[in-house]
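Enquirer: Below you'll find coords-v2.cif; it's mmCIF, C-alpha atoms and all ligand atoms.
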data_model
loop_
_atom_site.group_PDB
_atom_site.id
_atom_site.type_symbol
_atom_site.label_atom_id
_atom_site.label_comp_id
_atom_site.auth_asym_id
_atom_site.auth_seq_id
_atom_site.Cartn_x
_atom_site.Cartn_y
_atom_site.Cartn_z
ATOM 1 C CA MET A 29 0.000 0.000 0.000
ATOM 2 C CA VAL A 30 2.927 2.320 0.631
ATOM 3 C CA MET A 31 5.247 3.166 -2.250
ATOM 4 C CA ASN A 32 8.957 3.023 -1.528
ATOM 5 C CA LYS A 33 11.481 5.663 -2.559
ATOM 6 C CA GLU A 34 12.494 3.849 -5.771
ATOM 7 C CA MET A 35 8.866 3.668 -6.880
ATOM 8 C CA MET A 36 8.267 7.331 -6.068
ATOM 9 C CA ASP A 37 11.475 8.395 -7.848
ATOM 10 C CA ALA A 38 10.465 6.405 -10.934
ATOM 11 C CA LEU A 39 7.034 8.035 -10.980
ATOM 12 C CA GLU A 40 8.631 11.448 -10.555
ATOM 13 C CA LYS A 41 11.150 11.107 -13.331
ATOM 14 C CA ASN A 42 9.279 8.926 -15.823
ATOM 15 C CA ASN A 43 7.890 10.867 -18.755
ATOM 16 C CA ILE A 44 4.870 8.684 -19.206
ATOM 17 C CA VAL A 45 2.685 6.345 -17.213
ATOM 18 C CA TRP A 46 -0.087 4.171 -18.596
ATOM 19 C CA LEU A 47 -3.451 4.767 -16.939
ATOM 20 C CA ALA A 48 -6.057 2.023 -17.058
ATOM 21 C CA THR A 49 -9.686 2.740 -16.259
ATOM 22 C CA ALA A 50 -12.907 0.824 -16.873
ATOM 23 C CA SER A 51 -16.387 1.907 -17.884
ATOM 24 C CA ASN A 52 -19.580 0.872 -16.148
ATOM 25 C CA GLU A 53 -19.862 -1.874 -18.766
ATOM 26 C CA SER A 54 -16.332 -3.062 -17.791
ATOM 27 C CA THR A 55 -14.783 -1.910 -21.062
ATOM 28 C CA PRO A 56 -11.092 -1.270 -20.362
ATOM 29 C CA ASN A 57 -9.467 2.003 -21.457
ATOM 30 C CA LEU A 58 -5.709 2.568 -21.500
ATOM 31 C CA VAL A 59 -4.008 5.935 -22.146
ATOM 32 C CA PRO A 60 -0.520 7.414 -21.759
ATOM 33 C CA ILE A 61 -0.321 10.283 -19.258
ATOM 34 C CA GLY A 62 2.590 12.692 -18.948
ATOM 35 C CA PHE A 63 1.529 14.924 -16.068
ATOM 36 C CA VAL A 64 2.051 12.518 -13.200
ATOM 37 C CA LYS A 65 3.933 12.643 -9.916
ATOM 38 C CA PRO A 66 3.784 11.136 -6.464
ATOM 39 C CA LEU A 67 2.379 13.497 -3.817
ATOM 40 C CA ASP A 68 3.272 11.193 -0.941
ATOM 41 C CA SER A 69 3.956 7.488 -0.445
ATOM 42 C CA GLU A 70 0.268 6.594 -0.934
ATOM 43 C CA THR A 71 -0.884 9.111 -3.525
ATOM 44 C CA ILE A 72 -0.196 9.552 -7.246
ATOM 45 C CA LEU A 73 -1.300 12.797 -8.918
ATOM 46 C CA LEU A 74 -2.444 12.680 -12.549
ATOM 47 C CA VAL A 75 -3.522 15.862 -14.329
ATOM 48 C CA ALA A 76 -6.644 15.564 -16.506
ATOM 49 C CA ASN A 77 -5.944 17.784 -19.491
ATOM 50 C CA PHE A 78 -7.288 15.790 -22.406
ATOM 51 C CA MET A 79 -8.819 12.813 -20.592
ATOM 52 C CA ASN A 80 -12.170 12.067 -22.127
ATOM 53 C CA LYS A 81 -13.237 8.431 -21.806
ATOM 54 C CA SER A 82 -10.773 8.118 -18.919
ATOM 55 C CA PHE A 83 -12.460 11.014 -17.100
ATOM 56 C CA GLU A 84 -15.968 9.673 -17.697
ATOM 57 C CA ASN A 85 -14.841 6.254 -16.524
ATOM 58 C CA LEU A 86 -13.286 7.633 -13.355
ATOM 59 C CA LYS A 87 -16.409 9.644 -12.529
ATOM 60 C CA ASN A 88 -18.534 6.508 -12.866
ATOM 61 C CA ASN A 89 -16.054 3.981 -11.544
ATOM 62 C CA PRO A 90 -13.227 5.442 -9.438
ATOM 63 C CA GLN A 91 -10.967 2.383 -9.750
ATOM 64 C CA ALA A 92 -7.705 2.852 -11.675
ATOM 65 C CA SER A 93 -4.385 1.206 -12.335
ATOM 66 C CA VAL A 94 -1.082 2.834 -13.306
ATOM 67 C CA ALA A 95 2.271 1.503 -14.521
ATOM 68 C CA VAL A 96 5.263 3.582 -15.583
ATOM 69 C CA ALA A 97 6.185 3.310 -19.249
ATOM 70 C CA ASP A 98 9.823 2.514 -18.541
ATOM 71 C CA ILE A 99 8.970 -0.680 -16.754
ATOM 72 C CA SER A 100 12.631 -1.618 -16.322
ATOM 73 C CA GLU A 101 12.906 1.349 -13.936
ATOM 74 C CA CYS A 102 9.832 0.412 -11.953
ATOM 75 C CA PRO A 103 8.375 -3.052 -12.583
ATOM 76 C CA TYR A 104 5.182 -2.473 -10.625
ATOM 77 C CA GLN A 105 1.493 -2.015 -11.148
ATOM 78 C CA PHE A 106 -0.257 0.427 -8.816
ATOM 79 C CA LYS A 107 -3.976 0.077 -8.158
ATOM 80 C CA GLY A 108 -6.366 2.159 -6.168
ATOM 81 C CA THR A 109 -9.298 4.509 -5.939
ATOM 82 C CA VAL A 110 -9.258 8.029 -7.316
ATOM 83 C CA GLU A 111 -10.457 11.322 -5.934
ATOM 84 C CA ILE A 112 -11.368 13.909 -8.576
ATOM 85 C CA HIS A 113 -10.585 17.516 -7.611
ATOM 86 C CA GLU A 114 -12.130 20.091 -9.946
ATOM 87 C CA SER A 115 -11.416 23.006 -7.594
ATOM 88 C CA GLY A 116 -9.339 23.681 -4.496
ATOM 89 C CA LYS A 117 -5.660 23.415 -3.719
ATOM 90 C CA TYR A 118 -4.877 20.193 -5.603
ATOM 91 C CA PHE A 119 -6.658 21.572 -8.670
ATOM 92 C CA ASP A 120 -4.949 24.995 -8.420
ATOM 93 C CA ASP A 121 -1.523 23.349 -8.056
ATOM 94 C CA ALA A 122 -2.232 21.097 -11.078
ATOM 95 C CA VAL A 123 -3.242 24.117 -13.188
ATOM 96 C CA GLU A 124 -0.090 25.965 -12.153
ATOM 97 C CA TRP A 125 2.083 22.950 -13.004
ATOM 98 C CA ALA A 126 0.449 22.341 -16.393
ATOM 99 C CA LYS A 127 0.580 26.009 -17.392
ATOM 100 C CA SER A 128 4.226 26.274 -16.339
ATOM 101 C CA VAL A 129 4.993 23.560 -18.908
ATOM 102 C CA MET A 130 2.528 24.619 -21.634
ATOM 103 C CA THR A 131 0.635 27.903 -21.182
ATOM 104 C CA GLN A 132 -2.298 26.821 -23.347
ATOM 105 C CA LEU A 133 -3.167 23.839 -21.150
ATOM 106 C CA ALA A 134 -6.389 24.169 -19.156
ATOM 107 C CA PRO A 135 -6.698 21.149 -16.844
ATOM 108 C CA LYS A 136 -10.190 20.029 -15.938
ATOM 109 C CA ALA A 137 -9.158 18.197 -12.790
ATOM 110 C CA ALA A 138 -6.438 16.918 -10.521
ATOM 111 C CA ILE A 139 -6.882 13.168 -10.173
ATOM 112 C CA LEU A 140 -5.479 11.719 -6.962
ATOM 113 C CA LEU A 141 -4.934 7.966 -7.101
ATOM 114 C CA LYS A 142 -4.912 6.663 -3.544
ATOM 115 C CA VAL A 143 -2.780 3.545 -3.906
ATOM 116 C CA THR A 144 -4.276 0.519 -2.159
ATOM 117 C CA GLU A 145 -2.424 -2.350 -3.884
ATOM 118 C CA ILE A 146 0.986 -2.735 -5.526
ATOM 119 C CA TYR A 147 1.860 -5.768 -7.673
ATOM 120 C CA SER A 148 5.120 -6.850 -9.255
ATOM 121 C CA VAL A 149 5.130 -7.218 -13.027
ATOM 122 C CA GLN A 150 8.705 -8.498 -13.072
ATOM 123 C CA PRO A 151 8.972 -11.621 -15.246
ATOM 124 C CA GLY A 152 9.806 -14.633 -13.126
ATOM 125 C CA PRO A 153 8.544 -16.181 -9.924
ATOM 126 C CA ASP A 154 7.286 -12.886 -8.460
ATOM 127 C CA ALA A 155 5.271 -11.862 -11.532
ATOM 128 C CA GLY A 156 1.815 -10.738 -10.480
ATOM 129 C CA LYS A 157 2.573 -11.078 -6.771
ATOM 130 C CA ARG A 158 1.366 -8.415 -4.420
ATOM 131 C CA VAL A 159 4.376 -6.642 -2.907
ATOM 132 C CA ASP A 160 2.865 -4.370 -0.234
HETATM 133 C C1 LIG A 201 2.862 11.599 -24.611
HETATM 134 C C2 LIG A 201 1.452 11.843 -24.161
HETATM 135 C C3 LIG A 201 1.227 12.443 -22.932
HETATM 136 C C4 LIG A 201 -0.082 12.716 -22.497
HETATM 137 N N1 LIG A 201 -0.277 13.296 -21.282
HETATM 138 C C5 LIG A 201 -1.553 13.552 -20.859
HETATM 139 C C6 LIG A 201 -1.772 14.153 -19.586
HETATM 140 O O1 LIG A 201 -0.858 14.432 -18.803
HETATM 141 N N2 LIG A 201 -3.058 14.396 -19.226
HETATM 142 C C7 LIG A 201 -4.127 14.089 -20.051
HETATM 143 O O2 LIG A 201 -5.265 14.334 -19.650
HETATM 144 N N3 LIG A 201 -3.932 13.512 -21.244
HETATM 145 C C8 LIG A 201 -2.671 13.243 -21.688
HETATM 146 N N4 LIG A 201 -2.480 12.652 -22.903
HETATM 147 C C9 LIG A 201 -3.660 12.317 -23.717
HETATM 148 C C10 LIG A 201 -4.220 10.934 -23.341
HETATM 149 O O3 LIG A 201 -3.254 9.930 -23.598
HETATM 150 C C11 LIG A 201 -5.493 10.590 -24.144
HETATM 151 O O4 LIG A 201 -5.331 10.957 -25.478
HETATM 152 C C12 LIG A 201 -6.708 11.274 -23.567
HETATM 153 O O5 LIG A 201 -6.894 10.867 -22.231
HETATM 154 C C13 LIG A 201 -7.980 10.951 -24.369
HETATM 155 O O6 LIG A 201 -8.205 9.567 -24.346
HETATM 156 P P1 LIG A 201 -9.455 8.944 -23.506
HETATM 157 O O7 LIG A 201 -10.717 9.500 -24.143
HETATM 158 O O8 LIG A 201 -9.340 7.476 -23.690
HETATM 159 O O9 LIG A 201 -9.315 9.390 -22.083
HETATM 160 C C14 LIG A 201 -1.183 12.378 -23.341
HETATM 161 C C15 LIG A 201 -0.941 11.744 -24.567
HETATM 162 C C16 LIG A 201 0.356 11.495 -24.984
HETATM 163 C C17 LIG A 201 0.562 10.823 -26.321
#
Here is a file; write its structure as C-alpha cells.
Expert:
Amino acid sequence: MVMNKEMMDALEKNNIVWLATASNESTPNLVPIGFVKPLDSETILLVANFMNKSFENLKNNPQASVAVADISECPYQFKGTVEIHESGKYFDDAVEWAKSVMTQLAPKAAILLKVTEIYSVQPGPDAGKRVD
C-alpha cells in the first residue's frame, strides 16, 4: 500500500505512465499520461488535461491502475481509488504545473490515485505477486 522511494522516484522522473480505467460496462481504457507525480507514499497525482473516456470512466467507476512506461525502472502495477478535484488546492496546483509547462493547457481536474495495492510485473517467480 505504501510506495517506496524507488517507486516514487520512478514516478517522478518517468515521462509517461499508462493509466487504465474501466467503464460501467467493464470496457477497459488505457491511455498514456505525462503529467504525473507522487504526492506522498500513498498518492499519485495525474492531471486531466485531455482525458475524455478516462475522465468519464473515473467519474462513474473510481478504480484505476497505473504503470510507468519505462517498466525496467519500476516493474510495478499500482492500483487504487481516485479522488477527482475540480477546484481547491490540488486543482490549483495542477493548473499551475500544467501552465508552467505549456501555457495553453487548461486542466479540468487533478486526479489523486490513492494507492491501495501494488503488484510486481517483473517476469519470473514474483510476476503478479502483491508486494505491499
Ligand atoms: C505523450 C502523451 C502524454 C499525455 N499526457 C496527458 C496528460 O498528462 N493528461 C491528459 O489528460 N492527457 C494526456 N495525454 C492524452 C491521453 O493519452 C489521451 O489521449 C486522452 O486521455 C484521451 O483519451 P481517452 O478519451 O481514452 O481518455 C497524453 C498523450 C500522450 C501521447
Enquirer: Using 10 Å as the limit and counting all atoms listed in the file, can you tabulate each residue of chain A that touches ligand LIG 201 (chain A), with its shortest atom-to-atom distance in Å and the two atoms involved, as a tab-separated table?
Expert:
residue	atom	partner	partner_atom	distance
A:Asn43	CA	A:LIG201	C1	7.8
A:Ile44	CA	A:LIG201	C3	6.4
A:Val45	CA	A:LIG201	C3	8.5
A:Trp46	CA	A:LIG201	O3	8.3
A:Leu47	CA	A:LIG201	O3	8.4
A:Ala48	CA	A:LIG201	O8	9.2
A:Thr49	CA	A:LIG201	O8	8.8
A:Pro56	CA	A:LIG201	O8	9.5
A:Asn57	CA	A:LIG201	O8	5.9
A:Leu58	CA	A:LIG201	O8	6.5
A:Val59	CA	A:LIG201	O3	4.3
A:Pro60	CA	A:LIG201	O3	4.1
A:Ile61	CA	A:LIG201	N1	3.6
A:Gly62	CA	A:LIG201	N1	3.7
A:Phe63	CA	A:LIG201	O1	3.7
A:Val64	CA	A:LIG201	O1	6.6
A:Leu74	CA	A:LIG201	O1	6.7
A:Val75	CA	A:LIG201	N2	5.1
A:Ala76	CA	A:LIG201	O2	3.6
A:Asn77	CA	A:LIG201	O2	3.5
A:Phe78	CA	A:LIG201	O2	3.7
A:Met79	CA	A:LIG201	O5	3.2
A:Asn80	CA	A:LIG201	O7	3.6
A:Lys81	CA	A:LIG201	O7	3.6
A:Ser82	CA	A:LIG201	O9	3.7
A:Phe83	CA	A:LIG201	O9	6.1
A:Glu84	CA	A:LIG201	O9	8.0
A:Asn85	CA	A:LIG201	O9	8.4
A:Leu86	CA	A:LIG201	O9	9.7
A:Ala126	CA	A:LIG201	O1	8.4
A:Leu133	CA	A:LIG201	N2	9.6
A:Ala134	CA	A:LIG201	O2	9.9
A:Pro135	CA	A:LIG201	O2	7.5
A:Lys136	CA	A:LIG201	O2	8.4
A:Ala137	CA	A:LIG201	O2	8.8
A:Ala138	CA	A:LIG201	O2	9.6
A:Ile139	CA	A:LIG201	O2	9.7
Enquirer: Store the residues of this selection in a file with C-alpha atoms, as a PDB file, in the coordinates of the input.
Expert:
ATOM      1  CA  ASN A  43       7.890  10.867 -18.755  1.00  0.00           C
ATOM      2  CA  ILE A  44       4.870   8.684 -19.206  1.00  0.00           C
ATOM      3  CA  VAL A  45       2.685   6.345 -17.213  1.00  0.00           C
ATOM      4  CA  TRP A  46      -0.087   4.171 -18.596  1.00  0.00           C
ATOM      5  CA  LEU A  47      -3.451   4.767 -16.939  1.00  0.00           C
ATOM      6  CA  ALA A  48      -6.057   2.023 -17.058  1.00  0.00           C
ATOM      7  CA  THR A  49      -9.686   2.740 -16.259  1.00  0.00           C
ATOM      8  CA  PRO A  56     -11.092  -1.270 -20.362  1.00  0.00           C
ATOM      9  CA  ASN A  57      -9.467   2.003 -21.457  1.00  0.00           C
ATOM     10  CA  LEU A  58      -5.709   2.568 -21.500  1.00  0.00           C
ATOM     11  CA  VAL A  59      -4.008   5.935 -22.146  1.00  0.00           C
ATOM     12  CA  PRO A  60      -0.520   7.414 -21.759  1.00  0.00           C
ATOM     13  CA  ILE A  61      -0.321  10.283 -19.258  1.00  0.00           C
ATOM     14  CA  GLY A  62       2.590  12.692 -18.948  1.00  0.00           C
ATOM     15  CA  PHE A  63       1.529  14.924 -16.068  1.00  0.00           C
ATOM     16  CA  VAL A  64       2.051  12.518 -13.200  1.00  0.00           C
ATOM     17  CA  LEU A  74      -2.444  12.680 -12.549  1.00  0.00           C
ATOM     18  CA  VAL A  75      -3.522  15.862 -14.329  1.00  0.00           C
ATOM     19  CA  ALA A  76      -6.644  15.564 -16.506  1.00  0.00           C
ATOM     20  CA  ASN A  77      -5.944  17.784 -19.491  1.00  0.00           C
ATOM     21  CA  PHE A  78      -7.288  15.790 -22.406  1.00  0.00           C
ATOM     22  CA  MET A  79      -8.819  12.813 -20.592  1.00  0.00           C
ATOM     23  CA  ASN A  80     -12.170  12.067 -22.127  1.00  0.00           C
ATOM     24  CA  LYS A  81     -13.237   8.431 -21.806  1.00  0.00           C
ATOM     25  CA  SER A  82     -10.773   8.118 -18.919  1.00  0.00           C
ATOM     26  CA  PHE A  83     -12.460  11.014 -17.100  1.00  0.00           C
ATOM     27  CA  GLU A  84     -15.968   9.673 -17.697  1.00  0.00           C
ATOM     28  CA  ASN A  85     -14.841   6.254 -16.524  1.00  0.00           C
ATOM     29  CA  LEU A  86     -13.286   7.633 -13.355  1.00  0.00           C
ATOM     30  CA  ALA A 126       0.449  22.341 -16.393  1.00  0.00           C
ATOM     31  CA  LEU A 133      -3.167  23.839 -21.150  1.00  0.00           C
ATOM     32  CA  ALA A 134      -6.389  24.169 -19.156  1.00  0.00           C
ATOM     33  CA  PRO A 135      -6.698  21.149 -16.844  1.00  0.00           C
ATOM     34  CA  LYS A 136     -10.190  20.029 -15.938  1.00  0.00           C
ATOM     35  CA  ALA A 137      -9.158  18.197 -12.790  1.00  0.00           C
ATOM     36  CA  ALA A 138      -6.438  16.918 -10.521  1.00  0.00           C
ATOM     37  CA  ILE A 139      -6.882  13.168 -10.173  1.00  0.00           C
TER      38      ILE A 139
END
Enquirer: I'd like the residues picked by the PyMOL selection byres (((chain A and resi 92-102) around 7) and not hetatm) written out as a ChimeraX atom specification, using the chain letters and numbers from the file.
Expert: /A:35,38-39,42,44-49,90-91,103-110
Enquirer: Any chance you could resolve the PyMOL selection byres (((chain A and resi 145-148) around 9) and not hetatm) against this file and give the residues as a PyMOL selection string?
Expert: chain A and resi 29-31+103-108+143-144+149-151+154-160
Enquirer: For each of A:Ser69, A:Asn89, A:Thr131, A:Ser115, take the minimum atom-to-atom distance to A:Asp37, counting all atoms listed in the file, then give the residue where this is smallest.
Expert: A:Ser69
Enquirer: What does the distance from atom CA of A:Ile112 to atom CA of A:Asn52 come to in Å, to one decimal?
Expert: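 Atom-to-atom, atom CA of A:Ile112 to atom CA of A:Asn52, that is 17.2 Å.
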Enquirer: So the first atom is atom CA of A:Glu111 and the second is atom CA of A:Lys142; what is the distance between them in Å, to one decimal place?
Expert: 7.6 Å
Enquirer: Do you know which residues lie at most 8 Å from (1.4, 10.4, -8.2), with coordinates as in the file and only C-alpha atoms counted, and could you write them as a ChimeraX atom specification?
Expert: /A:36,39-40,64-68,71-74,140-141
Enquirer: So for stretch 84-93 of chain A, what box centre and size do we get, axis-aligned, 4 Å extra on each of the six sides, every listed atom, Å to one decimal, as AutoDock Vina command-line options?
Expert:
--center_x -11.5 --center_y 5.4 --center_z -13.6 --size_x 22.1 --size_y 16.5 --size_z 16.3
Enquirer: Record the distance separating atom CA of A:Asn88 and atom CA of A:His113, expressed in Å with one decimal.
Expert: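 Computed distance, atom CA of A:Asn88 to atom CA of A:His113, equals 14.6 Å.
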Enquirer: At the level of N, CA and C atoms, write stretch 69-84 of chain A to a file as a PDB file, in the first residue's frame, please.
Expert:
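Once everything was written out, this is part.pdb:
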ATOM      1  N   SER A  69       3.706   8.915  -0.198  1.00  0.00           N
ATOM      2  CA  SER A  69       3.956   7.488  -0.445  1.00  0.00           C
ATOM      3  C   SER A  69       2.689   6.689  -0.765  1.00  0.00           C
ATOM      4  N   GLU A  70       1.515   7.312  -0.651  1.00  0.00           N
ATOM      5  CA  GLU A  70       0.268   6.594  -0.934  1.00  0.00           C
ATOM      6  C   GLU A  70      -0.588   7.263  -2.009  1.00  0.00           C
ATOM      7  N   THR A  71      -0.042   8.316  -2.613  1.00  0.00           N
ATOM      8  CA  THR A  71      -0.884   9.111  -3.525  1.00  0.00           C
ATOM      9  C   THR A  71      -0.135   9.473  -4.798  1.00  0.00           C
ATOM     10  N   ILE A  72      -0.758   9.167  -5.951  1.00  0.00           N
ATOM     11  CA  ILE A  72      -0.196   9.552  -7.246  1.00  0.00           C
ATOM     12  C   ILE A  72      -1.125  10.594  -7.871  1.00  0.00           C
ATOM     13  N   LEU A  73      -0.532  11.746  -8.241  1.00  0.00           N
ATOM     14  CA  LEU A  73      -1.300  12.797  -8.918  1.00  0.00           C
ATOM     15  C   LEU A  73      -1.221  12.607 -10.425  1.00  0.00           C
ATOM     16  N   LEU A  74      -2.371  12.667 -11.081  1.00  0.00           N
ATOM     17  CA  LEU A  74      -2.444  12.680 -12.549  1.00  0.00           C
ATOM     18  C   LEU A  74      -3.247  13.919 -12.922  1.00  0.00           C
ATOM     19  N   VAL A  75      -2.793  14.654 -13.935  1.00  0.00           N
ATOM     20  CA  VAL A  75      -3.522  15.862 -14.329  1.00  0.00           C
ATOM     21  C   VAL A  75      -4.384  15.556 -15.544  1.00  0.00           C
ATOM     22  N   ALA A  76      -5.704  15.805 -15.400  1.00  0.00           N
ATOM     23  CA  ALA A  76      -6.644  15.564 -16.506  1.00  0.00           C
ATOM     24  C   ALA A  76      -6.681  16.787 -17.403  1.00  0.00           C
ATOM     25  N   ASN A  77      -5.937  16.714 -18.497  1.00  0.00           N
ATOM     26  CA  ASN A  77      -5.944  17.784 -19.491  1.00  0.00           C
ATOM     27  C   ASN A  77      -6.849  17.405 -20.654  1.00  0.00           C
ATOM     28  N   PHE A  78      -6.584  16.240 -21.203  1.00  0.00           N
ATOM     29  CA  PHE A  78      -7.288  15.790 -22.406  1.00  0.00           C
ATOM     30  C   PHE A  78      -8.095  14.523 -22.147  1.00  0.00           C
ATOM     31  N   MET A  79      -8.077  14.046 -20.901  1.00  0.00           N
ATOM     32  CA  MET A  79      -8.819  12.813 -20.592  1.00  0.00           C
ATOM     33  C   MET A  79     -10.278  12.993 -20.991  1.00  0.00           C
ATOM     34  N   ASN A  80     -10.783  12.016 -21.686  1.00  0.00           N
ATOM     35  CA  ASN A  80     -12.170  12.067 -22.127  1.00  0.00           C
ATOM     36  C   ASN A  80     -12.884  10.807 -21.621  1.00  0.00           C
ATOM     37  N   LYS A  81     -12.658   9.685 -22.315  1.00  0.00           N
ATOM     38  CA  LYS A  81     -13.237   8.431 -21.806  1.00  0.00           C
ATOM     39  C   LYS A  81     -12.683   8.129 -20.413  1.00  0.00           C
ATOM     40  N   SER A  82     -11.387   8.393 -20.230  1.00  0.00           N
ATOM     41  CA  SER A  82     -10.773   8.118 -18.919  1.00  0.00           C
ATOM     42  C   SER A  82     -11.504   8.881 -17.815  1.00  0.00           C
ATOM     43  N   PHE A  83     -11.819  10.153 -18.105  1.00  0.00           N
ATOM     44  CA  PHE A  83     -12.460  11.014 -17.100  1.00  0.00           C
ATOM     45  C   PHE A  83     -13.874  10.522 -16.807  1.00  0.00           C
ATOM     46  N   GLU A  84     -14.616  10.209 -17.874  1.00  0.00           N
ATOM     47  CA  GLU A  84     -15.968   9.673 -17.697  1.00  0.00           C
ATOM     48  C   GLU A  84     -15.918   8.391 -16.877  1.00  0.00           C
TER      49      GLU A  84
END
